[in-house]
Amino acid sequence: MANLKDIRGRIASVKNIRKITRAMEMVAAARLRRAEQRIEHLRPYADALRRMTARAAQAADNIPNLPILQEKDEVKTVGVLLITGDRGLAGPFNSQIIRAGNRRLRELENDGKEVLWYAVGRRGVSSLQFRNFDLDASWTGFTDRPAFSDARRVADGLVSAYVDDKVDRVEVFYNGYISPVNQEVRHETLLPLQQADVIEDDDSERDEGENAENEDAHIHDRALWIYEPDAEEILARLVPDYVEISIYRAMLESTASEHGARMSAMRSASDNAADLIDDLTLAANRQRQAEITQEIMEVVAGAEGLR
């Protein structure tokens, strides 16, 4: 059994750790609020751009003859982008993205396809390198506060890989922000545009709002869209912006999710430290009582021996 000095030393160590976890919780909470504000400001613009891209794609009679808009005849290699954080101590935030990527790898390999990996964040990069996966490109050092220029660099790398025929499809995994204690893994297809979730999302939203009574009204609404220049040229201009804003939104969602996950993890760590301090304090009191009882017994025994 540990002596009283050892127990008191452990209590002091746990108290120091609790101070650190509380400070990290407060820092994460402050950063989370700023990240939430950035998402709130970006979401309307990103949603509008996605809807505009989807409508232009539907209105275009012919897909413009641009490499980024050309759908590959056969999908042999899939580029998978994992968006993680540069730091740990955030609960399952990073690990659940890695697990989702591994599940997708097995699915693609069962379909006879190869996977080329891309990663944002040091945690994703180190995990892929540890598993000896084929990592084509990585971007690190900005996950705490990503800028649009960072998203543009990532988008340029993915678009170049698609245009150069290194990959035939691009998919992305990231943590979508719901609340400080709730984040979900999201999986989206980024390229080609014909398979991208931007088209599917727009179709699903329209299907939910349509019925037999408003079908004519919906057709009339679509007729109000007049494209100048034509839809093909607009689509060619929108697609690069769509890729960049989609990645930027995913990075902001991931940043907010990381701060929320770290805040929750540090709060749990602080609570666990408080419980451990209580248990250690109780053990120290018992040990102190035992030592006092032992000293009393020795004094009594010595007095009896003198008689």
# chains A, B, ... in the order shown; residues from 1 in each chain; ligands from 1

$ select_by_dssp --residues "stretch 98-180 of chain A" --states "helix (DSSP H, G or I)" --output "short mmCIF file (atom, residue, chain, number, x, y, z; two decimals) with N, CA, C and O atoms, in the first residue's frame"
data_model
loop_
_atom_site.label_atom_id
_atom_site.label_comp_id
_atom_site.auth_asym_id
_atom_site.auth_seq_id
_atom_site.Cartn_x
_atom_site.Cartn_y
_atom_site.Cartn_z
N ILE A 98 -10.37 8.67 -39.38
CA ILE A 98 -9.48 7.61 -39.85
C ILE A 98 -10.25 6.30 -40.03
O ILE A 98 -10.07 5.59 -41.03
N ARG A 99 -11.12 5.98 -39.09
CA ARG A 99 -11.91 4.75 -39.20
C ARG A 99 -12.84 4.81 -40.41
O ARG A 99 -13.01 3.81 -41.13
N ALA A 100 -13.45 5.97 -40.63
CA ALA A 100 -14.34 6.10 -41.79
C ALA A 100 -13.55 5.94 -43.09
O ALA A 100 -14.04 5.32 -44.04
N GLY A 101 -12.34 6.49 -43.14
CA GLY A 101 -11.51 6.32 -44.32
C GLY A 101 -11.12 4.87 -44.54
O GLY A 101 -11.10 4.39 -45.68
N ASN A 102 -10.82 4.15 -43.46
CA ASN A 102 -10.48 2.73 -43.59
C ASN A 102 -11.67 1.91 -44.09
O ASN A 102 -11.51 0.99 -44.91
N ARG A 103 -12.86 2.23 -43.60
CA ARG A 103 -14.05 1.53 -44.09
C ARG A 103 -14.27 1.78 -45.58
O ARG A 103 -14.60 0.87 -46.34
N ARG A 104 -14.07 3.03 -45.99
CA ARG A 104 -14.24 3.35 -47.40
C ARG A 104 -13.17 2.66 -48.24
O ARG A 104 -13.45 2.23 -49.38
N LEU A 105 -11.97 2.52 -47.72
CA LEU A 105 -10.90 1.82 -48.43
C LEU A 105 -11.31 0.38 -48.71
O LEU A 105 -11.14 -0.13 -49.83
N ARG A 106 -11.86 -0.30 -47.71
CA ARG A 106 -12.28 -1.69 -47.91
C ARG A 106 -13.40 -1.78 -48.94
O ARG A 106 -13.41 -2.71 -49.77
N GLU A 107 -14.32 -0.84 -48.90
CA GLU A 107 -15.42 -0.85 -49.88
C GLU A 107 -14.89 -0.67 -51.30
O GLU A 107 -15.31 -1.39 -52.22
N LEU A 108 -13.98 0.26 -51.48
CA LEU A 108 -13.45 0.52 -52.82
C LEU A 108 -12.59 -0.64 -53.31
O LEU A 108 -12.64 -1.00 -54.49
N GLU A 109 -11.80 -1.22 -52.40
CA GLU A 109 -10.98 -2.36 -52.80
C GLU A 109 -11.85 -3.55 -53.17
O GLU A 109 -11.52 -4.30 -54.10
N ASN A 110 -12.96 -3.74 -52.50
CA ASN A 110 -13.88 -4.82 -52.87
C ASN A 110 -14.49 -4.60 -54.24
O ASN A 110 -14.86 -5.57 -54.92
N ARG A 122 -2.10 17.21 -39.28
CA ARG A 122 -0.98 16.32 -38.95
C ARG A 122 -1.46 14.96 -38.45
O ARG A 122 -0.78 13.95 -38.68
N ARG A 123 -2.59 14.91 -37.76
CA ARG A 123 -3.07 13.62 -37.24
C ARG A 123 -3.44 12.67 -38.37
O ARG A 123 -3.14 11.48 -38.33
N GLY A 124 -4.10 13.19 -39.39
CA GLY A 124 -4.43 12.35 -40.53
C GLY A 124 -3.19 11.92 -41.30
O GLY A 124 -3.08 10.77 -41.72
N VAL A 125 -2.26 12.85 -41.46
CA VAL A 125 -1.03 12.54 -42.19
C VAL A 125 -0.24 11.44 -41.47
O VAL A 125 0.21 10.46 -42.08
N SER A 126 -0.06 11.60 -40.15
CA SER A 126 0.72 10.61 -39.40
C SER A 126 0.04 9.25 -39.40
O SER A 126 0.72 8.21 -39.48
N SER A 127 -1.29 9.21 -39.32
CA SER A 127 -2.00 7.93 -39.33
C SER A 127 -1.86 7.23 -40.67
O SER A 127 -1.64 6.01 -40.72
N LEU A 128 -1.96 7.96 -41.76
CA LEU A 128 -1.82 7.36 -43.08
C LEU A 128 -0.39 6.88 -43.32
O LEU A 128 -0.17 5.79 -43.88
N GLN A 129 0.58 7.67 -42.89
CA GLN A 129 1.97 7.26 -43.04
C GLN A 129 2.29 6.05 -42.18
O GLN A 129 3.06 5.16 -42.59
N PHE A 130 1.72 5.98 -40.98
CA PHE A 130 1.95 4.84 -40.10
C PHE A 130 1.43 3.55 -40.73
O PHE A 130 2.04 2.48 -40.56
N PHE A 148 -9.25 30.99 -46.37
CA PHE A 148 -9.71 30.58 -47.70
C PHE A 148 -8.54 30.24 -48.61
O PHE A 148 -8.66 29.38 -49.48
N SER A 149 -7.41 30.90 -48.40
CA SER A 149 -6.22 30.57 -49.20
C SER A 149 -5.76 29.14 -48.95
O SER A 149 -5.24 28.49 -49.87
N ASP A 150 -5.94 28.65 -47.74
CA ASP A 150 -5.59 27.26 -47.45
C ASP A 150 -6.51 26.31 -48.22
O ASP A 150 -6.06 25.31 -48.79
N ALA A 151 -7.81 26.62 -48.22
CA ALA A 151 -8.75 25.80 -48.99
C ALA A 151 -8.44 25.85 -50.47
O ALA A 151 -8.57 24.83 -51.18
N ARG A 152 -7.99 26.98 -50.96
CA ARG A 152 -7.65 27.10 -52.39
C ARG A 152 -6.46 26.22 -52.73
O ARG A 152 -6.43 25.59 -53.80
N ARG A 153 -5.46 26.17 -51.84
CA ARG A 153 -4.30 25.30 -52.08
C ARG A 153 -4.72 23.84 -52.13
O ARG A 153 -4.27 23.08 -52.99
N VAL A 154 -5.58 23.43 -51.21
CA VAL A 154 -6.07 22.05 -51.22
C VAL A 154 -6.88 21.77 -52.48
O VAL A 154 -6.71 20.73 -53.13
N ALA A 155 -7.75 22.72 -52.86
CA ALA A 155 -8.57 22.53 -54.05
C ALA A 155 -7.70 22.44 -55.30
O ALA A 155 -7.95 21.61 -56.19
N ASP A 156 -6.67 23.27 -55.38
CA ASP A 156 -5.77 23.21 -56.54
C ASP A 156 -5.10 21.84 -56.65
O ASP A 156 -4.96 21.30 -57.76
N GLY A 157 -4.69 21.29 -55.51
CA GLY A 157 -4.05 19.97 -55.55
C GLY A 157 -5.01 18.88 -55.99
O GLY A 157 -4.64 18.02 -56.80
N LEU A 158 -6.24 18.92 -55.52
CA LEU A 158 -7.22 17.89 -55.90
C LEU A 158 -7.65 18.04 -57.35
O LEU A 158 -7.79 17.05 -58.07
N VAL A 159 -7.88 19.28 -57.78
CA VAL A 159 -8.28 19.51 -59.17
C VAL A 159 -7.16 19.09 -60.12
O VAL A 159 -7.42 18.48 -61.17
N SER A 160 -5.92 19.41 -59.77
CA SER A 160 -4.79 19.01 -60.62
C SER A 160 -4.71 17.49 -60.73
O SER A 160 -4.46 16.95 -61.82
N ALA A 161 -4.92 16.79 -59.61
CA ALA A 161 -4.90 15.33 -59.66
C ALA A 161 -6.01 14.78 -60.55
O ALA A 161 -5.81 13.81 -61.29
N TYR A 162 -7.17 15.42 -60.51
CA TYR A 162 -8.29 14.96 -61.35
C TYR A 162 -8.04 15.28 -62.82
O TYR A 162 -8.28 14.43 -63.70
N VAL A 163 -7.56 16.47 -63.10
CA VAL A 163 -7.32 16.86 -64.49
C VAL A 163 -6.18 16.05 -65.09
O VAL A 163 -6.21 15.69 -66.28
#

$ select_by_dssp --residues "stretch 5-201 of chain A" --states "strand (DSSP E or B)" --output "number ranges by chain"
A: 77-83, 114-120, 135-139, 169-179, 182-191

$ atom_distance --atom1 "atom CA of A:Ile292" --atom2 "atom CA of A:Arg8"
16.4 Å

$ residues_around --residues "A:Leu135" --least-positions-apart "6" --cutoff "10 Å" --atoms "only C-alpha atoms" --output "MDAnalysis selection string"
chainID A and resid 79:81 115:119 125 128:129

$ closest_residue --among "A:Gln287, A:Gln194, A:Thr77, A:Gln96" --to "A:Arg169" --atoms "only C-alpha atoms"
A:Thr77

$ residues_around --residues "A:Gly85" --least-positions-apart "5" --cutoff "12 Å" --atoms "only C-alpha atoms" --output "PDB file with C-alpha atoms, in the first residue's frame"
ATOM      1  CA  ALA A  90      -9.986  15.986 -28.752  1.00  0.00           C
ATOM      2  CA  GLY A  91     -11.663  12.693 -27.944  1.00  0.00           C
ATOM      3  CA  PRO A  92     -12.709  10.654 -31.004  1.00  0.00           C
ATOM      4  CA  PHE A  93     -12.496  13.661 -33.344  1.00  0.00           C
ATOM      5  CA  ASN A  94      -9.500  12.430 -35.361  1.00  0.00           C
ATOM      6  CA  SER A  95      -9.897   8.687 -34.908  1.00  0.00           C
ATOM      7  CA  GLN A  96     -13.436   8.542 -36.286  1.00  0.00           C
ATOM      8  CA  ILE A  97     -12.291  10.157 -39.549  1.00  0.00           C
ATOM      9  CA  ILE A  98      -9.477   7.609 -39.850  1.00  0.00           C
ATOM     10  CA  ALA A 119      -4.894  14.565 -45.907  1.00  0.00           C
ATOM     11  CA  VAL A 120      -5.404  17.867 -44.111  1.00  0.00           C
ATOM     12  CA  GLY A 121      -4.005  17.959 -40.562  1.00  0.00           C
ATOM     13  CA  ARG A 122      -0.982  16.323 -38.947  1.00  0.00           C
ATOM     14  CA  ARG A 123      -3.070  13.624 -37.244  1.00  0.00           C
ATOM     15  CA  GLY A 124      -4.426  12.348 -40.528  1.00  0.00           C
ATOM     16  CA  VAL A 125      -1.025  12.536 -42.189  1.00  0.00           C
ATOM     17  CA  SER A 126       0.724  10.609 -39.400  1.00  0.00           C
ATOM     18  CA  SER A 127      -2.005   7.931 -39.326  1.00  0.00           C
ATOM     19  CA  TRP A 139      -1.526  20.103 -45.951  1.00  0.00           C
ATOM     20  CA  THR A 140      -0.834  20.941 -42.301  1.00  0.00           C
ATOM     21  CA  GLY A 141      -0.359  23.815 -39.893  1.00  0.00           C
ATOM     22  CA  PHE A 142      -3.631  25.715 -40.216  1.00  0.00           C
ATOM     23  CA  THR A 143      -6.461  23.524 -38.889  1.00  0.00           C
ATOM     24  CA  ASP A 144      -6.993  25.715 -35.789  1.00  0.00           C
ATOM     25  CA  ARG A 145      -7.965  28.658 -37.998  1.00  0.00           C
ATOM     26  CA  PRO A 146      -8.106  27.801 -41.711  1.00  0.00           C
ATOM     27  CA  TYR A 174     -14.738  15.486 -42.438  1.00  0.00           C
ATOM     28  CA  ASN A 175     -16.473  16.104 -39.119  1.00  0.00           C
ATOM     29  CA  MET A 251     -12.494  22.791 -43.106  1.00  0.00           C
ATOM     30  CA  LEU A 252     -14.521  25.298 -41.062  1.00  0.00           C
ATOM     31  CA  GLU A 253     -16.951  22.587 -40.008  1.00  0.00           C
ATOM     32  CA  SER A 254     -14.004  20.416 -39.009  1.00  0.00           C
ATOM     33  CA  THR A 255     -12.398  23.251 -37.031  1.00  0.00           C
ATOM     34  CA  ALA A 256     -15.564  23.933 -35.059  1.00  0.00           C
ATOM     35  CA  SER A 257     -16.004  20.200 -34.468  1.00  0.00           C
ATOM     36  CA  GLU A 258     -12.419  19.937 -33.201  1.00  0.00           C
ATOM     37  CA  HIS A 259     -12.864  22.770 -30.710  1.00  0.00           C
ATOM     38  CA  ALA A 261     -14.724  17.852 -29.171  1.00  0.00           C
ATOM     39  CA  ARG A 262     -11.680  19.191 -27.309  1.00  0.00           C
TER      40      ARG A 262
END

$ atom_distance --atom1 "atom CA of A:Leu69" --atom2 "atom CA of A:Leu193"
6.5 Å

$ closest_residue --among "A:Asn285, A:Thr293, A:Ser246, A:Ser268" --to "A:Leu49" --atoms "only C-alpha atoms"
A:Ser246

$ closest_residue --among "A:Val167, A:Ile296, A:Leu82, A:Ile226" --to "A:Glu114" --atoms "only C-alpha atoms"
A:Val167

$ residues_around --residues "A:Lys15" --least-positions-apart "6" --cutoff "10 Å" --atoms "only C-alpha atoms" --output "ChimeraX atom specification"
/A:9,21,270,273-274,276-277

$ write_last_selection --atoms "N, CA and C atoms" --output "PDB file, in the first residue's frame"
ATOM      1  N   GLY A   9       1.633  13.208  -3.074  1.00  0.00           N
ATOM      2  CA  GLY A   9       2.302  13.552  -4.332  1.00  0.00           C
ATOM      3  C   GLY A   9       1.394  13.327  -5.532  1.00  0.00           C
ATOM      4  N   THR A  21      -6.222  20.963 -17.870  1.00  0.00           N
ATOM      5  CA  THR A  21      -7.416  20.591 -18.634  1.00  0.00           C
ATOM      6  C   THR A  21      -8.482  21.679 -18.564  1.00  0.00           C
ATOM      7  N   SER A 270     -11.387  17.000 -16.656  1.00  0.00           N
ATOM      8  CA  SER A 270     -11.411  17.763 -15.402  1.00  0.00           C
ATOM      9  C   SER A 270     -12.326  17.107 -14.378  1.00  0.00           C
ATOM     10  N   ALA A 273     -10.611  14.092 -13.090  1.00  0.00           N
ATOM     11  CA  ALA A 273      -9.538  14.476 -12.166  1.00  0.00           C
ATOM     12  C   ALA A 273     -10.105  14.835 -10.798  1.00  0.00           C
ATOM     13  N   ALA A 274     -11.252  15.530 -10.789  1.00  0.00           N
ATOM     14  CA  ALA A 274     -11.873  15.879  -9.503  1.00  0.00           C
ATOM     15  C   ALA A 274     -12.293  14.619  -8.742  1.00  0.00           C
ATOM     16  N   LEU A 276     -10.942  11.661  -9.060  1.00  0.00           N
ATOM     17  CA  LEU A 276      -9.718  10.983  -8.618  1.00  0.00           C
ATOM     18  C   LEU A 276      -9.116  11.675  -7.399  1.00  0.00           C
ATOM     19  N   ILE A 277      -9.184  13.003  -7.363  1.00  0.00           N
ATOM     20  CA  ILE A 277      -8.681  13.745  -6.200  1.00  0.00           C
ATOM     21  C   ILE A 277      -9.481  13.374  -4.948  1.00  0.00           C
TER      22      ILE A 277
END

$ atom_distance --atom1 "atom CA of A:Glu40" --atom2 "atom CA of A:Asp86"
23.2 Å
